[in-house]
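Raw contents of model.txt, compact mmCIF, C-alpha atoms:
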# COMPACT_ATOMS: atom_id res chain seq x y z
CA MET A 1 225.55 61.69 158.54
CA GLN A 2 222.34 63.67 158.30
CA PRO A 3 220.27 64.64 161.37
CA PHE A 4 216.88 66.02 160.31
CA VAL A 5 213.59 67.48 161.52
CA GLY A 6 210.35 67.90 159.66
CA TYR A 7 206.64 67.30 159.49
CA LYS A 8 204.80 64.00 159.00
CA PHE A 9 201.19 63.83 157.90
CA GLY A 10 198.41 61.39 157.09
CA GLY A 11 197.58 57.87 158.09
CA LYS A 12 194.63 55.85 159.36
CA LEU A 13 194.51 52.59 161.27
CA ARG A 14 192.19 50.45 163.34
CA PRO A 15 193.60 50.52 166.90
CA GLY A 16 192.23 47.06 167.76
CA GLY A 17 193.80 45.31 164.78
CA ASP A 18 192.33 44.03 161.54
CA ASP A 19 188.67 43.76 162.66
CA PRO A 20 186.66 45.77 160.05
CA THR A 21 183.92 46.52 162.60
CA LEU A 22 186.30 48.62 164.70
CA PRO A 23 186.41 52.39 164.13
CA LEU A 24 189.25 53.96 162.20
CA ALA A 25 191.70 56.24 163.99
CA ASN A 26 193.16 59.24 162.18
CA ILE A 27 196.84 59.82 162.96
CA GLN A 28 197.35 63.50 163.73
CA ASN A 29 199.94 65.47 161.75
CA SER A 30 203.01 66.19 163.85
CA ARG A 31 206.74 66.81 163.99
CA VAL A 32 209.21 64.09 163.01
CA GLN A 33 212.92 63.87 163.76
CA GLY A 34 215.64 61.39 163.00
CA ALA A 35 218.96 60.75 161.33
CA SER A 36 220.40 58.88 158.40
CA ALA A 37 223.82 57.51 157.56
CA THR A 38 224.67 57.33 153.86
CA VAL A 39 227.47 55.74 151.87
CA THR A 40 227.74 57.01 148.29
CA GLY A 41 229.87 56.46 145.24
CA VAL A 42 230.42 58.79 142.29
CA GLU A 43 230.87 57.50 138.76
CA LYS A 44 232.62 59.31 135.91
CA THR A 45 229.29 60.53 134.59
CA ARG A 46 228.84 62.58 137.78
CA TRP A 47 225.92 60.51 138.97
CA MET A 48 225.78 59.61 142.63
CA TRP A 49 224.54 56.23 143.83
CA GLY A 50 224.51 54.85 147.33
CA ALA A 51 222.87 53.15 150.26
CA GLU A 52 221.43 54.64 153.42
CA PHE A 53 220.10 53.61 156.80
CA MET A 54 217.42 55.96 158.15
CA TRP A 55 215.79 56.19 161.57
CA SER A 56 212.82 58.49 162.17
CA SER A 57 210.55 59.03 165.15
CA GLN A 58 207.11 60.64 165.33
CA ARG A 59 205.21 61.28 168.59
CA THR A 60 201.58 61.96 167.84
CA LYS A 61 197.99 61.20 168.79
CA ALA A 62 195.33 59.21 167.00
CA ILE A 63 191.69 60.32 167.11
CA LEU A 64 188.92 57.79 166.52
CA SER A 65 186.71 58.69 163.54
CA ASP A 66 183.48 57.66 165.33
CA GLY A 67 183.97 60.40 167.93
CA SER A 68 184.57 58.06 170.88
CA THR A 69 187.51 58.71 173.14
CA PRO A 70 189.58 55.72 174.24
CA GLY A 71 191.63 56.74 177.33
CA ASP A 72 195.16 57.28 176.06
CA THR A 73 195.54 58.04 172.36
CA ASN A 74 199.29 58.70 172.41
CA LEU A 75 201.15 57.00 169.59
CA ARG A 76 204.84 56.75 168.74
CA ILE A 77 205.83 55.69 165.23
CA GLU A 78 209.48 54.75 164.66
CA GLN A 79 210.87 53.68 161.30
CA PHE A 80 214.10 51.81 160.58
CA LEU A 81 214.60 51.85 156.79
CA PHE A 82 217.25 50.90 154.26
CA HIS A 83 217.27 53.05 151.12
CA GLY A 84 218.96 53.00 147.77
CA LEU A 85 219.83 56.45 146.42
CA VAL A 86 220.59 57.84 143.00
CA GLY A 87 221.13 61.45 141.98
CA ARG A 88 223.35 64.15 140.58
CA ALA A 89 226.84 64.64 141.96
CA ASN A 90 229.17 67.51 141.14
CA GLU A 91 232.00 67.72 143.64
CA GLU A 92 233.79 70.64 141.96
CA ALA A 93 230.79 72.97 141.66
CA ARG A 94 229.55 73.64 145.15
CA ARG A 95 226.52 75.77 145.91
CA LYS A 96 224.40 74.08 143.27
CA PRO A 97 221.23 72.11 143.98
CA LEU A 98 221.80 68.40 143.42
CA PRO A 99 218.54 66.42 143.00
CA PHE A 100 218.29 62.83 144.23
CA ALA A 101 215.74 60.02 144.52
CA LEU A 102 215.48 57.31 147.16
CA PHE A 103 213.58 54.05 147.54
CA GLY A 104 213.66 51.30 150.12
CA ALA A 105 211.97 49.23 152.78
CA GLY A 106 212.28 48.37 156.43
CA LEU A 107 210.55 48.02 159.76
CA THR A 108 208.01 50.33 161.43
CA ARG A 109 207.35 50.11 165.15
CA LEU A 110 203.93 51.38 166.30
CA ARG A 111 203.71 51.96 170.06
CA GLY A 112 200.76 53.27 171.99
CA PHE A 113 197.08 52.46 172.06
CA THR A 114 197.16 50.31 168.92
CA ALA A 115 197.24 46.51 168.68
CA PHE A 116 199.97 46.69 166.03
CA ASN A 117 203.61 46.48 166.98
CA ASN A 118 206.25 45.81 164.31
CA ARG A 119 205.21 46.09 160.66
CA TYR A 120 207.13 46.35 157.43
CA ALA A 121 207.04 49.53 155.36
CA PHE A 122 208.07 50.79 151.95
CA SER A 123 209.56 54.20 151.33
CA PHE A 124 210.23 56.31 148.28
CA GLY A 125 210.80 59.97 147.60
CA GLY A 126 213.42 62.48 146.68
CA GLY A 127 214.81 65.90 147.28
CA ILE A 128 217.68 68.32 146.87
CA ARG A 129 221.16 68.28 148.39
CA TYR A 130 223.04 71.59 148.58
CA PHE A 131 226.68 71.74 149.73
CA PHE A 132 228.15 74.91 151.23
CA THR A 133 231.59 73.30 151.56
CA ARG A 134 232.98 69.89 150.64
CA ARG A 135 231.99 68.48 154.06
CA PHE A 136 228.90 70.49 155.03
CA GLY A 137 225.53 70.89 153.35
CA LEU A 138 221.76 70.94 153.54
CA ARG A 139 219.26 68.25 152.51
CA LEU A 140 215.58 68.93 151.71
CA GLN A 141 213.53 65.79 151.27
CA GLY A 142 209.98 64.55 150.67
CA ARG A 143 209.09 60.93 151.31
CA PHE A 144 206.01 58.69 151.08
CA SER A 145 205.90 55.63 153.33
CA PRO A 146 203.05 53.08 153.26
CA ILE A 147 203.07 50.89 156.41
CA HIS A 148 201.63 47.39 155.93
CA LEU A 149 199.12 46.74 158.71
CA TYR A 150 197.37 43.48 157.75
CA ASP A 151 195.81 41.50 154.90
CA SER A 152 192.03 41.32 154.76
CA ALA A 153 190.15 38.54 153.00
CA GLU A 154 187.64 39.89 150.50
CA THR A 155 185.25 38.01 148.26
CA TYR A 156 184.37 39.67 144.99
CA THR A 157 182.79 39.03 141.62
CA VAL A 158 185.40 38.55 138.94
CA VAL A 159 184.75 40.84 135.99
CA TYR A 160 187.89 40.71 133.88
CA GLU A 161 190.04 37.78 134.92
CA PRO A 162 189.67 34.68 132.69
CA GLY A 163 189.86 31.35 134.53
CA THR A 164 188.96 32.78 137.96
CA PRO A 165 185.48 31.91 139.24
CA SER A 166 183.18 34.50 140.82
CA GLY A 167 183.16 34.47 144.59
CA THR A 168 186.93 34.14 144.74
CA THR A 169 188.46 35.22 148.03
CA ARG A 170 191.62 37.29 147.79
CA HIS A 171 193.87 38.68 150.48
CA VAL A 172 194.05 42.43 150.08
CA PRO A 173 196.86 44.27 151.87
CA ARG A 174 195.85 47.23 154.07
CA TYR A 175 198.26 50.11 154.57
CA CYS A 176 198.63 53.19 156.72
CA ASN A 177 199.90 55.81 154.24
CA GLN A 178 202.06 58.62 155.58
CA GLY A 179 204.06 61.37 153.94
CA GLU A 180 206.78 63.59 155.34
CA PHE A 181 208.86 66.63 154.49
CA THR A 182 212.17 67.14 156.27
CA VAL A 183 215.21 69.38 156.29
CA GLY A 184 218.56 68.20 157.60
CA TRP A 185 222.23 69.01 157.82
CA ILE A 186 224.76 66.94 155.89
CA PHE A 187 228.08 66.22 157.59
CA ARG A 188 230.54 64.40 155.31
CA LEU A 189 233.18 62.35 157.04
CA PHE A 190 235.21 61.51 153.92
Is it possible to express this structure as structure tokens?
Amino acid sequence: MQPFVGYKFGGKLRPGGDDPTLPLANIQNSRVQGASATVTGVEKTRWMWGAEFMWSSQRTKAILSDGSTPGDTNLRIEQFLFHGLVGRANEEARRKPLPFALFGAGLTRLRGFTAFNNRYAFSFGGGIRYFFTRRFGLRLQGRFSPIHLYDSAETYTVVYEPGTPSGTTRHVPRYCNQGEFTVGWIFRLF
């Protein structure tokens, strides 16, 4: 179990949905908190692998880039993600930094003045685990999480794609890209 706090930054979205004529809203940088539950295994090579469920919550505001002020700009972003983890493990030598990497996907819930509700998201990052005792430690982590908002149809001139005629319409995914840095306590149950 790992409760954590940190700082989340970045992200732009169109509050009214996928209409390209609407102004963009910049998501303000703010505090994030959450928790994760991890199950890991250790192989003979001293590499750790595992799976994790993570929940994080960010309360923030979004400011329209055209300078207009819509009444309430409060926004709450919650993420429910499943991660795979891999990293160093050294149970005998405590008080050593143990690097790890994580990657995964899940659901993001956007609540507030936006037209978006539930969207899927990707997540990848890494960090350092540091154990003071066998059951208690610290986890420093950085993570990048693009949130899929919508697909826009774009027509373009094909330059380097044999067999595709010019004027082809493609669906281009649009994302709200956010990053975060967190610190949390590790409580091992087993």
>> What's around Gln2 (chain A) at 6 Å? Count only C-alpha atoms, leave out sequence neighbours fewer than 3 positions away in its own chain, and write the answer as an MDAnalysis selection string.
In response: chainID A and resid 35:36 184:186
Excluding Leu110 (chain A) and residues on its chain fewer than 4 positions from it, collect all residues at most 6 Å away from it, counting all atoms listed in the file, and give them as a compact mmCIF listing (two decimals) with C-alpha atoms, keeping the file's coordinate frame.
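That gives us result_8.txt:
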# COMPACT_ATOMS: atom_id res chain seq x y z
CA ARG A 76 204.84 56.75 168.74
CA ILE A 77 205.83 55.69 165.23
CA ASN A 117 203.61 46.48 166.98
>> What's around Ala37 (chain A) at 12 Å? Count all atoms listed in the file, leave out sequence neighbours fewer than 5 positions away in its own chain, and write the answer as number ranges by chain.
In response: A: 1-4, 50-56, 80-85, 184-189
>> Nearest residue to Thr114 (chain A) out of A:Ser152, A:Thr182, A:Leu75, A:Ile63, using only C-alpha atoms?
In response: A:Leu75
> For Ser123 (chain A), which residue out of A:His148, A:Arg111, A:Arg174, A:Arg139 is the nearest one, using only C-alpha atoms?
Replying inline: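 Ranked by minimum distance to Ser123 (chain A), first place goes to A:His148.
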> Mind pulling up the distance from CA of Ala105 (chain A) to CA of Arg143 (chain A)?
Replying inline: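 Distance between the two atoms: 12.1 Å.
Nearest residue to Asn29 (chain A), choosing from A:Arg129, A:Lys8, A:Arg119, A:Arg59 and counting only C-alpha atoms: A:Lys8.
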> Which residues, written as a ChimeraX atom specification, have at least one atom at most 7 Å from Val32 (chain A), with all atoms listed in the file counted and residues fewer than 5 positions away on the same chain left out?
Replying inline: /A:5-8,56-58
> Hey, can you check how far CA of Gly34 (chain A) sits from CA of Phe131 (chain A)?
Replying inline: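 So the answer is 20.1 Å.
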>> With distances taken over only C-alpha atoms, which residue among A:Thr73, A:Asn90, A:Thr60, A:Gln28 lies nearest Arg46 (chain A)?
In response: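 Among the listed residues, the smallest separation from Arg46 (chain A) belongs to A:Asn90.
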>> Would you compute the distance between CA of Val42 (chain A) and CA of Ala89 (chain A)? Give it in Å to one decimal.
In response: 6.9 Å
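Using all atoms listed in the file, the smallest distance between any of A:Phe113, A:Gln79, A:Arg88, A:Gly179 and Ala101 (chain A) comes from A:Arg88.
Ranking A:Leu107, A:Ile27, A:Val183, A:Met48 by their shortest atom-to-atom distance to Leu13 (chain A), with all atoms listed in the file included, puts A:Ile27 first.
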